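*Asks:* Structure incoming, see below.
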Amino acid sequence: MLRWIRQQLGFDPPHQSETRTVYIANRFPEHDHYVPQKFADNRIISSKYTVWNFVPKNLFEQFRRIANFYFLIIFLVQLMIDTPTSPITSGLPLFFVITVTAIKQGYEDWLRHKADNEVNGAPVYVVRSGSLVQTKSKNIRVGDIVRVAKDETFPADLVLLSSDREGGTCHITTASLDGETNLKTHFAVPETAVAQSVSRLEALVAIIECQQPEADLYRFVGRITVTQQEEEIVRPLGAENLLLRGARLKNTKEIFGVAVYTGMEAKMALNYKCKSQKRSAVEKSMNTFLLIYLGILLFEAVLSTILKYAWQAESKWDEPWYNQKTEQDRNSSKILRFISDFLAFLVLYNFIIPISLYVTVEMQKFLGSFFIGWDIDLYHEETDQKAQVNTSDLNEELGQVEYVFTDKTGTLTENEMQFRECSINGIKYHEINGKLVPEGTTDDYPDGYLPRLSGEEELFLKAVSLCHTVQISYDQTDGLEDSFRHANGISSQMEYYASSPDEKALVEATKRIGVTFAGSNGENMEIKTFGRSEKYKLLHVLEFDANRRRMSVILQTPSGEKVLFTKGAESSILPFIRSGEIEKTRVHVDEFALKGLRTLVVACRHFTPEEYQEVDRRLQEARTALQQREERLAEVFSFIEKDLELLGATGVEDKLQEKVQETIESLRLAGIKVWVLTGDKHETAVSVSLSCGHFHRTMNILELVQQKSDNECAEQLRRLARRIKDDHVIQHGLVVDGASLSLALREHEKLFMDICRNCPAVLCCRMAPLQKAKVVRLIKTSPEKPITLAIGDGANDVSMIQEAHVGIGIMGKEGRQAVRNSDYAIARFRFLSKLLLVHGHFYYIRIANLVQYFFYKNVCFITPQFLYQFVCLFSQQTLYDSVYLTLYNISFTSLPILVYSLFEQLVHPHVLQSKPALYRDISKNSLLSFKSFLYWTLLGFSHALVFFFGSYLLMGEDTSLMGNGKMFGNWTFGTLVFTVMVITVTLKLALETHFWTWMNHFVTWGSIAFYFIFSLFYGGIIWPFLHAQDMYFVFVQLLSSGSAWFAIIIIVIICLFPDVIKKVLYRHVQPTSTQKAQHTETHKGISCLDAMCCFSDGETACAPVGRLMERMMGRCNPSRLRRLWSDPDPFNSNDRSILTLSPMEATSC
């Protein structure tokens, strides 16, 4: 515990050195000066709280919110000084909000504890004292030798020591880590691979030195020193030797590995790190409005305090005969009295800040997020995948997107590769019926005839068949010999697995043509060339990386010659070519790209024995280095991959996903600019952009590519700016590559941004992952501060997904890293249209109106309290009873707005999708603009004035309104104002509701009914636990007065009738696009006014007013007013459309 505290304070960092030393089987040196390193245990902790810290930690986090902290201060003020209202009025709502949030967070954390206990308590086998011992996963220590059986997950990060396979290899799948379902081969070093029994492992003397834990799943640097017969043998360790926690063992009976990273230091746990918190535009507006209302509150409190002392300047009001001051009051400090009165007024008016707004917004976001997962239109049947929500905090942001940044491969395309063409020695070939046919010839070979390949063609196909990391899976696989037996015998059971779809497509293509990759065991690779078997010894693999953009293998041919095969992008291969048909191949590559094919160039290099010895020595030195290993390897790779002989190039087709063109066009009509960011070459990217509708055929394509210097880039940017200015009528599309983009952003960012803003479509090609994030950040931080969305399917898209305001992952074939790091995940790009145009539209209007309505009803609530002080000499007398103060936001007005914010639909989903331009109506946070905020605030103040002065003028000088001649008192007056207020604010929301369900009816009319029933019980019974009961029989007496009923009806009509008139006039005189769409869809069945507040049975709350107004305007058609829901309706019912958001008929309301 003390060590943990010291670590948290930074006095005792857990890792003092850059490397860690692991003694296999925990055989520590016996000399006295050895100090063992301290490592984390193997417990996984994803929970946030413990039993001991839950209450203090949760309270601390909740009171960091300004509104919660503000109400806590108000509550403490009420406890400390004599205030006009009970502390319960602030304490109970605060307690309710804190309790609900704590229960929600506590339950979520309990689920995390439960999951942690299952993982930490899982049984595992470790080698201890010469035998296999079963223990719990949490008891594994760094240095323990762990046994893992087939289909089990690895309980810690293990360095593979041995397996049941000859050569010490094993197959694993990392689907739970990155979603890649292909089998990956991992290797043990030869010195430990032979230790396949517990007794031999127990006798193993070895030390592992490796880097300290880091989050990168694909990087591991270390070395193992094995002592055999007093000789130390050093071998390098890399990512291919490390078995990650969470990965699963496949096609291997059992393995033994030594734990190097355990518990929260495992790479999987280090990837649990929280993403940066994203805040929506609505949340920022809400905080701004809260500050404005806090200013209003302070102004009212200060004004009331000043007016109180101004009023009391006259002695008759300062100390009236009926309220004489005590001696202590007369001698008290005026400053302290002023502060005390100011705090008392602050308490009196504090409900203008809506504490329940936060909890209502949280519930709305949490419950509303389920609609995305329930939407059957976002379900992909082929893959059985539905849309998923990783964070509900950004729902409304989906309705504010102005820029979409999308990846190409796997996002716009299917990521299903199919070999189409290739170029060999300057000649272009097609594959026809499994045969390689030169361009311009036909497939006229008889069935069963296998054409003889030339030497160049055969070498090219062999290079493609051998230069890859493809694995083969069989029903039963027990080593290389079995693999070869399957390949030679029953090849139909063979299936290729590859991390890259391109590699799989190419290997399958060579198999169809006649050069079959038959298997690999880590040391040898076998291919069959038209039935002739050849075995190659695999000497080295030069892995692919994003900087080199190529991968290579060094093989020993059956004749003993050492040869390097390499493949990669043409820009990373052609500059290093020494011989071959370079120009012809370059032309063919460009032709492939123009057809939208993905291209790879294939080359080789033959080594002399002396050259290979130098290559082998350099590789061994670089791979055993613990410091700067990546830099050393990059240097050696550059030394090896030069003086190449060009063999040819391949063209692989990646089909477009369904309805990509329609989706991009919908986004463009919605006012959303689409940028495509891809790593593909220029010609391929442009071709796909044209085919998917990103670029129109009529567009003027501007290019900023292959810029070599700042001056050259600046001049090109100025030329592009002039062309845009001269041809301002024509739409422009911009193409920019990664290198040119770096130059443009270095010195000419403003000019580049001006050009981009004038181009509705921008294509960025040859982009590195971090460049994608930089582009998103560039637009996000521009002066307009637009809302950005990034969508992608691969690990290279994670950075831009996290950078954008909203990140969307595609559940594609490149793993689940993008999905895990995204805010939302969908199965296909075409679903983006409904996600934004329908769900985004609904979420935004719902929460925007929720926020505005909350402030409106609290202004209505507290302004009469302020006005009342003018008629009670600022004596701080409260207008409402304490129970009403407490329950107004919790019970009387909470449910209608919550249900409204879950189900409201201004226009039906199919209309929003068919008319994408409606999305523009809500862009740039228009519903929460200052103008809209001012309207709702002034509306609240005007309604409050009508509530107060309407009730006050009704009473006038004659307060004998009771049936028995008794007079109204102050509690009766306050109750009348409160009753009118509850009814008005509830009916105001009813007027704003366009989509009515049974739940809307239930909570709207139920809330009003509940208020009346509660008031009758509360005031009609003497409750023994109440200290005072000022409201006894007040409500009953109020309702017994006909004048009071008349006042309630008249005041409600006076408040709401102008709203109805305004809505009707605006719809006829100055309708918005959304209102026009409502008029269009309701024109077939019900009146245009009915769209404001239609019920599910076709009759509306304001139907009589609507008929009157339309008759006055001469626009009434009675036949349109009589449509009932009994008419034949081929679509779904009203309520189901809420849950699934499936299309509905335009005539439905």
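Each chain of the structure tokens is named A, B, ... in the order shown, its residues numbered from 1; ligands are numbered from 1 in display order.
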Skip range 556-567 of chain A itself and residues of its chain fewer than 2 positions away, then list as an MDAnalysis selection string all residues within 8 Å of it, counting only C-alpha atoms.

*Replies:* chainID A and resid 463 466:467 534:539 550:554 569 573 600:609 612 641

*Asks:* What lies within 10 Å of Val686 in chain A using only C-alpha atoms, ignoring chain neighbours under 6 positions off, as a list in words?

*Replies:*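 Listing them by chain and then by number gives Ala593, Leu594, Lys595, Gly596, Val676, Asp680, Cys692, His694, Phe695, Ile701, Val735, Leu763, Cys764 and Cys765 of chain A.
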
*Asks:* Quick one: write out the picked residues with N, CA, C and O atoms as a compact mmCIF listing (two decimals), in the first residue's frame?

*Replies:*
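This went into result-v9.txt:
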# COMPACT_ATOMS: atom_id res chain seq x y z
N ALA A 593 -4.39 1.85 -62.48
CA ALA A 593 -4.91 2.81 -61.50
C ALA A 593 -6.11 3.57 -62.06
O ALA A 593 -7.08 3.85 -61.35
N LEU A 594 -6.05 3.92 -63.36
CA LEU A 594 -7.16 4.64 -63.96
C LEU A 594 -8.43 3.79 -64.00
O LEU A 594 -9.53 4.32 -64.05
N LYS A 595 -8.27 2.49 -63.99
CA LYS A 595 -9.43 1.60 -63.92
C LYS A 595 -9.92 1.38 -62.48
O LYS A 595 -10.86 0.63 -62.25
N GLY A 596 -9.23 2.02 -61.53
CA GLY A 596 -9.62 1.86 -60.13
C GLY A 596 -9.03 0.65 -59.46
O GLY A 596 -9.47 0.26 -58.37
N VAL A 676 -12.19 12.59 -49.02
CA VAL A 676 -11.69 11.21 -49.02
C VAL A 676 -10.20 11.25 -48.71
O VAL A 676 -9.43 11.93 -49.39
N ASP A 680 -3.91 5.22 -50.95
CA ASP A 680 -3.72 4.72 -52.31
C ASP A 680 -3.03 5.76 -53.19
O ASP A 680 -2.99 6.95 -52.88
N CYS A 692 -17.50 6.57 -57.49
CA CYS A 692 -18.41 6.59 -56.35
C CYS A 692 -19.19 7.90 -56.24
O CYS A 692 -19.97 8.09 -55.31
N HIS A 694 -17.99 10.90 -55.74
CA HIS A 694 -17.35 11.94 -54.94
C HIS A 694 -16.92 13.10 -55.85
O HIS A 694 -17.14 14.27 -55.53
N PHE A 695 -16.32 12.75 -56.98
CA PHE A 695 -16.06 13.72 -58.04
C PHE A 695 -17.10 13.51 -59.14
O PHE A 695 -17.34 12.38 -59.57
N ILE A 701 -11.23 19.27 -62.06
CA ILE A 701 -10.34 18.64 -61.07
C ILE A 701 -9.04 19.43 -60.97
O ILE A 701 -8.29 19.57 -61.95
N VAL A 735 -7.41 17.53 -55.66
CA VAL A 735 -6.62 16.32 -55.37
C VAL A 735 -5.28 16.77 -54.80
O VAL A 735 -4.58 17.58 -55.41
N LEU A 763 -9.93 15.29 -52.33
CA LEU A 763 -9.35 13.95 -52.27
C LEU A 763 -7.90 14.06 -51.86
O LEU A 763 -7.10 14.74 -52.52
N CYS A 764 -7.54 13.42 -50.76
CA CYS A 764 -6.15 13.39 -50.29
C CYS A 764 -5.63 11.97 -50.46
O CYS A 764 -6.18 11.04 -49.85
N CYS A 765 -4.59 11.77 -51.27
CA CYS A 765 -4.05 10.44 -51.50
C CYS A 765 -2.63 10.34 -50.94
O CYS A 765 -2.01 11.34 -50.59

*Asks:* Out of range 737-905 of chain A, which residues get strand (DSSP E) from DSSP, as a PyMOL selection string?

*Replies:* chain A and resi 737+761-765+788-792+806-810+824-826

*Asks:* Restricted to N, CA, C and O atoms, what would the selected residues look like written as a PDB file, in the first residue's frame?

*Replies:*
ATOM      1  N   ASP A 737      -1.692  15.183 -52.626  1.00  0.00           N
ATOM      2  CA  ASP A 737      -1.019  13.994 -52.070  1.00  0.00           C
ATOM      3  C   ASP A 737      -0.331  14.351 -50.750  1.00  0.00           C
ATOM      4  O   ASP A 737      -0.224  15.523 -50.375  1.00  0.00           O
ATOM      5  N   ALA A 761     -15.576  19.007 -53.012  1.00  0.00           N
ATOM      6  CA  ALA A 761     -15.026  17.657 -52.837  1.00  0.00           C
ATOM      7  C   ALA A 761     -13.505  17.732 -52.856  1.00  0.00           C
ATOM      8  O   ALA A 761     -12.918  18.353 -53.740  1.00  0.00           O
ATOM      9  N   VAL A 762     -12.883  17.115 -51.848  1.00  0.00           N
ATOM     10  CA  VAL A 762     -11.421  17.102 -51.752  1.00  0.00           C
ATOM     11  C   VAL A 762     -10.963  15.658 -51.591  1.00  0.00           C
ATOM     12  O   VAL A 762     -11.554  14.885 -50.822  1.00  0.00           O
ATOM     13  N   LEU A 763      -9.928  15.295 -52.333  1.00  0.00           N
ATOM     14  CA  LEU A 763      -9.351  13.948 -52.274  1.00  0.00           C
ATOM     15  C   LEU A 763      -7.896  14.060 -51.860  1.00  0.00           C
ATOM     16  O   LEU A 763      -7.105  14.739 -52.525  1.00  0.00           O
ATOM     17  N   CYS A 764      -7.536  13.424 -50.757  1.00  0.00           N
ATOM     18  CA  CYS A 764      -6.145  13.394 -50.292  1.00  0.00           C
ATOM     19  C   CYS A 764      -5.633  11.972 -50.457  1.00  0.00           C
ATOM     20  O   CYS A 764      -6.182  11.040 -49.850  1.00  0.00           O
ATOM     21  N   CYS A 765      -4.592  11.774 -51.267  1.00  0.00           N
ATOM     22  CA  CYS A 765      -4.050  10.438 -51.501  1.00  0.00           C
ATOM     23  C   CYS A 765      -2.632  10.337 -50.941  1.00  0.00           C
ATOM     24  O   CYS A 765      -2.015  11.341 -50.587  1.00  0.00           O
ATOM     25  N   THR A 788     -16.889  18.180 -37.378  1.00  0.00           N
ATOM     26  CA  THR A 788     -16.296  17.205 -38.288  1.00  0.00           C
ATOM     27  C   THR A 788     -16.669  15.784 -37.882  1.00  0.00           C
ATOM     28  O   THR A 788     -16.905  15.497 -36.704  1.00  0.00           O
ATOM     29  N   LEU A 789     -16.720  14.920 -38.889  1.00  0.00           N
ATOM     30  CA  LEU A 789     -16.965  13.492 -38.666  1.00  0.00           C
ATOM     31  C   LEU A 789     -15.950  12.701 -39.470  1.00  0.00           C
ATOM     32  O   LEU A 789     -15.706  13.019 -40.640  1.00  0.00           O
ATOM     33  N   ALA A 790     -15.334  11.708 -38.847  1.00  0.00           N
ATOM     34  CA  ALA A 790     -14.374  10.839 -39.536  1.00  0.00           C
ATOM     35  C   ALA A 790     -14.897   9.417 -39.507  1.00  0.00           C
ATOM     36  O   ALA A 790     -15.408   8.959 -38.480  1.00  0.00           O
ATOM     37  N   ILE A 791     -14.781   8.723 -40.635  1.00  0.00           N
ATOM     38  CA  ILE A 791     -15.282   7.352 -40.733  1.00  0.00           C
ATOM     39  C   ILE A 791     -14.234   6.485 -41.412  1.00  0.00           C
ATOM     40  O   ILE A 791     -13.650   6.875 -42.423  1.00  0.00           O
ATOM     41  N   GLY A 792     -13.946   5.338 -40.824  1.00  0.00           N
ATOM     42  CA  GLY A 792     -12.948   4.432 -41.375  1.00  0.00           C
ATOM     43  C   GLY A 792     -13.098   3.050 -40.787  1.00  0.00           C
ATOM     44  O   GLY A 792     -13.878   2.832 -39.852  1.00  0.00           O
ATOM     45  N   VAL A 806     -16.876  13.696 -34.174  1.00  0.00           N
ATOM     46  CA  VAL A 806     -17.606  12.419 -34.122  1.00  0.00           C
ATOM     47  C   VAL A 806     -16.803  11.401 -34.912  1.00  0.00           C
ATOM     48  O   VAL A 806     -16.418  11.658 -36.060  1.00  0.00           O
ATOM     49  N   GLY A 807     -16.520  10.263 -34.306  1.00  0.00           N
ATOM     50  CA  GLY A 807     -15.773   9.198 -34.972  1.00  0.00           C
ATOM     51  C   GLY A 807     -16.654   7.986 -35.194  1.00  0.00           C
ATOM     52  O   GLY A 807     -17.315   7.515 -34.267  1.00  0.00           O
ATOM     53  N   ILE A 808     -16.668   7.474 -36.433  1.00  0.00           N
ATOM     54  CA  ILE A 808     -17.494   6.319 -36.772  1.00  0.00           C
ATOM     55  C   ILE A 808     -16.610   5.220 -37.329  1.00  0.00           C
ATOM     56  O   ILE A 808     -15.794   5.468 -38.230  1.00  0.00           O
ATOM     57  N   GLY A 809     -16.745   4.031 -36.781  1.00  0.00           N
ATOM     58  CA  GLY A 809     -15.992   2.879 -37.249  1.00  0.00           C
ATOM     59  C   GLY A 809     -16.846   1.989 -38.123  1.00  0.00           C
ATOM     60  O   GLY A 809     -18.027   1.783 -37.849  1.00  0.00           O
ATOM     61  N   ILE A 810     -16.251   1.474 -39.186  1.00  0.00           N
ATOM     62  CA  ILE A 810     -16.929   0.518 -40.067  1.00  0.00           C
ATOM     63  C   ILE A 810     -16.520  -0.886 -39.641  1.00  0.00           C
ATOM     64  O   ILE A 810     -15.335  -1.167 -39.480  1.00  0.00           O
ATOM     65  N   TYR A 824     -19.352   5.717 -32.656  1.00  0.00           N
ATOM     66  CA  TYR A 824     -20.437   4.901 -33.202  1.00  0.00           C
ATOM     67  C   TYR A 824     -19.832   3.927 -34.197  1.00  0.00           C
ATOM     68  O   TYR A 824     -18.771   4.192 -34.769  1.00  0.00           O
ATOM     69  N   ALA A 825     -20.505   2.809 -34.405  1.00  0.00           N
ATOM     70  CA  ALA A 825     -20.013   1.813 -35.361  1.00  0.00           C
ATOM     71  C   ALA A 825     -21.176   1.318 -36.213  1.00  0.00           C
ATOM     72  O   ALA A 825     -22.255   1.031 -35.684  1.00  0.00           O
ATOM     73  N   ILE A 826     -20.955   1.265 -37.521  1.00  0.00           N
ATOM     74  CA  ILE A 826     -21.960   0.763 -38.456  1.00  0.00           C
ATOM     75  C   ILE A 826     -21.312  -0.255 -39.372  1.00  0.00           C
ATOM     76  O   ILE A 826     -20.081  -0.304 -39.486  1.00  0.00           O
TER      77      ILE A 826
END

*Asks:* Can you tell me, as an MDAnalysis selection string, what residues are no more than 8 Å from Asp82 in chain A when counting only C-alpha atoms, ignoring any on the same chain fewer than 3 positions away?

*Replies:* chainID A and resid 78:79 344

*Asks:* Under the rule that only C-alpha atoms are counted, which of A:Leu249, A:Ala625, A:Val541, A:Leu1016 is the nearest residue to Phe220 in chain A?

*Replies:*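 Residue with the minimum atom-to-atom distance to Phe220 in chain A: A:Ala625.
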
*Asks:* What does the distance from CA of Ala827 in chain A to CA of Ser392 in chain A come to in Å, to one decimal?

*Replies:*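 Going from CA of Ala827 in chain A over to CA of Ser392 in chain A covers 18.4 Å.
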
*Asks:* My list of candidates is A:Ser894, A:Asn821, A:Thr262, A:Ser691. Which is closest to Val1003 in chain A when distances are computed with only C-alpha atoms?

*Replies:* A:Ser894

*Asks:* For CA of Gln471 in chain A and CA of Gly519 in chain A, determine how far apart the two atoms are, in Å to one decimal place.

*Replies:*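 Here the two named atoms are 7.3 Å from each other.
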
*Asks:* Which of these, A:Glu784, A:Gln771, A:Phe831, A:Ser423, has the shortest distance to Lys659 in chain A once you count only C-alpha atoms?

*Replies:* A:Phe831

*Asks:* Could you list, as a PyMOL selection string, every residue within 8 Å of range 221-237 of chain A, counting only C-alpha atoms and ignoring same-chain residues fewer than 4 positions away?

*Replies:* chain A and resi 189+191+204-211+241-242+620+623-626+629

*Asks:* Take the residues from that selection and write them out as a short mmCIF file (atom, residue, chain, number, x, y, z; two decimals), in the first residue's frame, keeping all heavy atoms.

*Replies:*
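The file below, result20.cif, is the result:
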data_model
loop_
_atom_site.label_atom_id
_atom_site.label_comp_id
_atom_site.auth_asym_id
_atom_site.auth_seq_id
_atom_site.Cartn_x
_atom_site.Cartn_y
_atom_site.Cartn_z
N VAL A 189 12.40 -19.37 -30.30
CA VAL A 189 13.79 -19.46 -30.75
C VAL A 189 14.21 -20.93 -30.71
O VAL A 189 13.70 -21.72 -29.90
CB VAL A 189 14.72 -18.59 -29.88
CG1 VAL A 189 14.31 -17.13 -29.97
CG2 VAL A 189 14.71 -19.05 -28.42
N GLU A 191 16.64 -22.58 -29.56
CA GLU A 191 17.21 -23.14 -28.33
C GLU A 191 16.14 -23.52 -27.30
O GLU A 191 16.37 -24.39 -26.47
CB GLU A 191 18.19 -22.14 -27.71
CG GLU A 191 19.52 -21.99 -28.46
CD GLU A 191 19.35 -21.26 -29.78
OE1 GLU A 191 18.39 -20.47 -29.91
OE2 GLU A 191 20.20 -21.49 -30.68
N LEU A 204 15.73 -25.49 -18.10
CA LEU A 204 16.12 -24.39 -18.97
C LEU A 204 16.69 -23.23 -18.15
O LEU A 204 16.09 -22.78 -17.18
CB LEU A 204 14.90 -23.92 -19.78
CG LEU A 204 15.13 -22.78 -20.77
CD1 LEU A 204 16.06 -23.22 -21.90
CD2 LEU A 204 13.79 -22.31 -21.36
N VAL A 205 17.85 -22.74 -18.54
CA VAL A 205 18.48 -21.58 -17.89
C VAL A 205 18.54 -20.46 -18.93
O VAL A 205 19.32 -20.54 -19.90
CB VAL A 205 19.88 -21.91 -17.37
CG1 VAL A 205 20.50 -20.67 -16.73
CG2 VAL A 205 19.83 -23.07 -16.38
N ALA A 206 17.72 -19.44 -18.75
CA ALA A 206 17.64 -18.38 -19.76
C ALA A 206 17.19 -17.08 -19.10
O ALA A 206 16.52 -17.08 -18.07
CB ALA A 206 16.69 -18.78 -20.89
N ILE A 207 17.57 -15.97 -19.74
CA ILE A 207 17.22 -14.63 -19.28
C ILE A 207 16.65 -13.85 -20.46
O ILE A 207 17.20 -13.92 -21.57
CB ILE A 207 18.44 -13.88 -18.70
CG1 ILE A 207 19.03 -14.64 -17.51
CG2 ILE A 207 18.06 -12.47 -18.27
CD1 ILE A 207 20.36 -14.06 -17.04
N ILE A 208 15.58 -13.14 -20.22
CA ILE A 208 14.99 -12.28 -21.27
C ILE A 208 15.19 -10.83 -20.87
O ILE A 208 14.87 -10.44 -19.74
CB ILE A 208 13.49 -12.59 -21.45
CG1 ILE A 208 13.29 -13.98 -22.06
CG2 ILE A 208 12.83 -11.53 -22.34
CD1 ILE A 208 11.84 -14.40 -22.18
N GLU A 209 15.75 -10.07 -21.79
CA GLU A 209 15.83 -8.61 -21.61
C GLU A 209 14.93 -7.97 -22.65
O GLU A 209 15.06 -8.26 -23.84
CB GLU A 209 17.27 -8.13 -21.79
CG GLU A 209 18.24 -8.65 -20.76
CD GLU A 209 19.66 -8.30 -21.12
OE1 GLU A 209 20.28 -9.08 -21.87
OE2 GLU A 209 20.15 -7.24 -20.66
N CYS A 210 14.04 -7.12 -22.21
CA CYS A 210 13.09 -6.51 -23.14
C CYS A 210 12.74 -5.10 -22.68
O CYS A 210 13.09 -4.68 -21.57
CB CYS A 210 11.82 -7.36 -23.27
SG CYS A 210 10.93 -7.59 -21.72
N GLN A 211 12.04 -4.39 -23.54
CA GLN A 211 11.61 -3.03 -23.24
C GLN A 211 10.55 -3.04 -22.14
O GLN A 211 9.91 -4.06 -21.88
CB GLN A 211 11.04 -2.39 -24.50
CG GLN A 211 9.82 -3.12 -25.02
CD GLN A 211 9.33 -2.61 -26.35
OE1 GLN A 211 8.58 -3.28 -27.02
NE2 GLN A 211 9.75 -1.45 -26.77
N ASN A 241 7.46 -13.22 -31.64
CA ASN A 241 7.74 -14.14 -30.52
C ASN A 241 6.83 -13.90 -29.32
O ASN A 241 6.85 -14.68 -28.36
CB ASN A 241 9.19 -13.98 -30.05
CG ASN A 241 10.20 -14.14 -31.17
OD1 ASN A 241 10.85 -13.18 -31.56
ND2 ASN A 241 10.31 -15.34 -31.71
N LEU A 242 6.03 -12.81 -29.36
CA LEU A 242 5.22 -12.42 -28.21
C LEU A 242 3.75 -12.80 -28.43
O LEU A 242 3.16 -12.47 -29.45
CB LEU A 242 5.33 -10.90 -27.99
CG LEU A 242 4.64 -10.37 -26.72
CD1 LEU A 242 5.38 -10.85 -25.47
CD2 LEU A 242 4.58 -8.85 -26.75
N GLN A 620 21.25 -9.56 -38.26
CA GLN A 620 21.39 -10.14 -36.93
C GLN A 620 21.75 -9.07 -35.91
O GLN A 620 21.20 -9.03 -34.80
CB GLN A 620 22.46 -11.24 -36.95
CG GLN A 620 22.63 -12.01 -35.65
CD GLN A 620 21.44 -12.89 -35.33
OE1 GLN A 620 20.58 -13.09 -36.16
NE2 GLN A 620 21.38 -13.39 -34.09
N ARG A 623 18.68 -6.77 -35.32
CA ARG A 623 17.55 -7.41 -34.64
C ARG A 623 17.86 -7.75 -33.19
O ARG A 623 16.94 -8.00 -32.41
CB ARG A 623 17.12 -8.66 -35.41
CG ARG A 623 16.31 -8.30 -36.66
CD ARG A 623 15.76 -9.49 -37.38
NE ARG A 623 14.70 -9.08 -38.30
CZ ARG A 623 14.47 -9.66 -39.47
NH1 ARG A 623 15.23 -10.67 -39.87
NH2 ARG A 623 13.49 -9.23 -40.24
N THR A 624 19.11 -7.81 -32.81
CA THR A 624 19.45 -8.09 -31.42
C THR A 624 19.70 -6.81 -30.62
O THR A 624 19.97 -6.87 -29.42
CB THR A 624 20.69 -8.99 -31.33
OG1 THR A 624 21.75 -8.41 -32.09
CG2 THR A 624 20.39 -10.39 -31.86
N ALA A 625 19.64 -5.67 -31.29
CA ALA A 625 19.86 -4.40 -30.58
C ALA A 625 18.65 -4.08 -29.70
O ALA A 625 17.50 -4.25 -30.11
CB ALA A 625 20.08 -3.27 -31.59
N LEU A 626 18.89 -3.62 -28.49
CA LEU A 626 17.82 -3.23 -27.59
C LEU A 626 17.49 -1.74 -27.74
O LEU A 626 16.39 -1.31 -27.44
CB LEU A 626 18.18 -3.53 -26.13
CG LEU A 626 18.07 -4.99 -25.70
CD1 LEU A 626 18.43 -5.13 -24.24
CD2 LEU A 626 16.67 -5.52 -25.93
N ARG A 629 16.25 -0.08 -32.20
CA ARG A 629 16.18 -1.23 -33.10
C ARG A 629 15.47 -0.87 -34.41
O ARG A 629 15.92 -1.27 -35.49
CB ARG A 629 15.45 -2.39 -32.42
CG ARG A 629 15.33 -3.62 -33.32
CD ARG A 629 14.59 -4.77 -32.68
NE ARG A 629 15.34 -5.36 -31.59
CZ ARG A 629 14.93 -6.46 -30.94
NH1 ARG A 629 13.79 -7.05 -31.27
NH2 ARG A 629 15.64 -6.95 -29.95
#

*Asks:* Excluding range 897-906 of chain A and its own-chain neighbours fewer than 6 positions away, which residues fall within 10 Å of it when counting only C-alpha atoms? Please give them as an NGL selection string.

*Replies:* :A and (360-361 or 363-365 or 367-369 or 371 or 838-839 or 841-851 or 853-854 or 912 or 986 or 989-990 or 992-997 or 999-1004 or 1074-1075 or 1077-1078 or 1091-1092 or 1135 or 1137-1139 or 1141 or 1149)

*Asks:* Between CA of Leu879 in chain A and CA of Pro87 in chain A, what is the spacing in Å?

*Replies:* 16.0 Å

*Asks:* List as an mmCIF file with N, CA and C atoms, in the first residue's frame the protein and nucleic acid residues near Gln37 in chain A, meaning an atom at most 8 Å away when only C-alpha atoms are counted, but skip any in the same chain fewer than 2 places from it.

*Replies:*
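In the end it all went to result_35.cif:
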data_model
loop_
_atom_site.group_PDB
_atom_site.id
_atom_site.type_symbol
_atom_site.label_atom_id
_atom_site.label_comp_id
_atom_site.auth_asym_id
_atom_site.auth_seq_id
_atom_site.Cartn_x
_atom_site.Cartn_y
_atom_site.Cartn_z
ATOM 1 N N ARG A 20 13.591 -4.255 -18.916
ATOM 2 C CA ARG A 20 13.363 -5.143 -17.772
ATOM 3 C C ARG A 20 14.046 -6.484 -18.034
ATOM 4 N N THR A 21 14.517 -7.089 -16.977
ATOM 5 C CA THR A 21 15.180 -8.388 -17.058
ATOM 6 C C THR A 21 14.285 -9.427 -16.410
ATOM 7 N N VAL A 35 19.366 -7.049 -6.876
ATOM 8 C CA VAL A 35 18.119 -6.457 -6.372
ATOM 9 C C VAL A 35 17.022 -6.756 -7.382
ATOM 10 N N PHE A 39 7.465 -6.012 -10.302
ATOM 11 C CA PHE A 39 6.523 -5.996 -11.415
ATOM 12 C C PHE A 39 5.093 -6.052 -10.887
#

*Asks:* When you count only C-alpha atoms, which of these residues is closest to Tyr70 in chain A: A:Val260, A:Glu166, A:Leu336, A:Leu290?

*Replies:*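 When distances to Tyr70 in chain A are compared using only C-alpha atoms, the smallest one comes from A:Leu290.
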
*Asks:* For Leu298 in chain A, list every protein, DNA or RNA residue within 8 Å, evaluated using only C-alpha atoms, and leave out those in the same chain fewer than 4 positions away; present the list as a list in words.

*Replies:*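 Non-adjacent residues within range: Leu294, Val302 and Leu346 of chain A.
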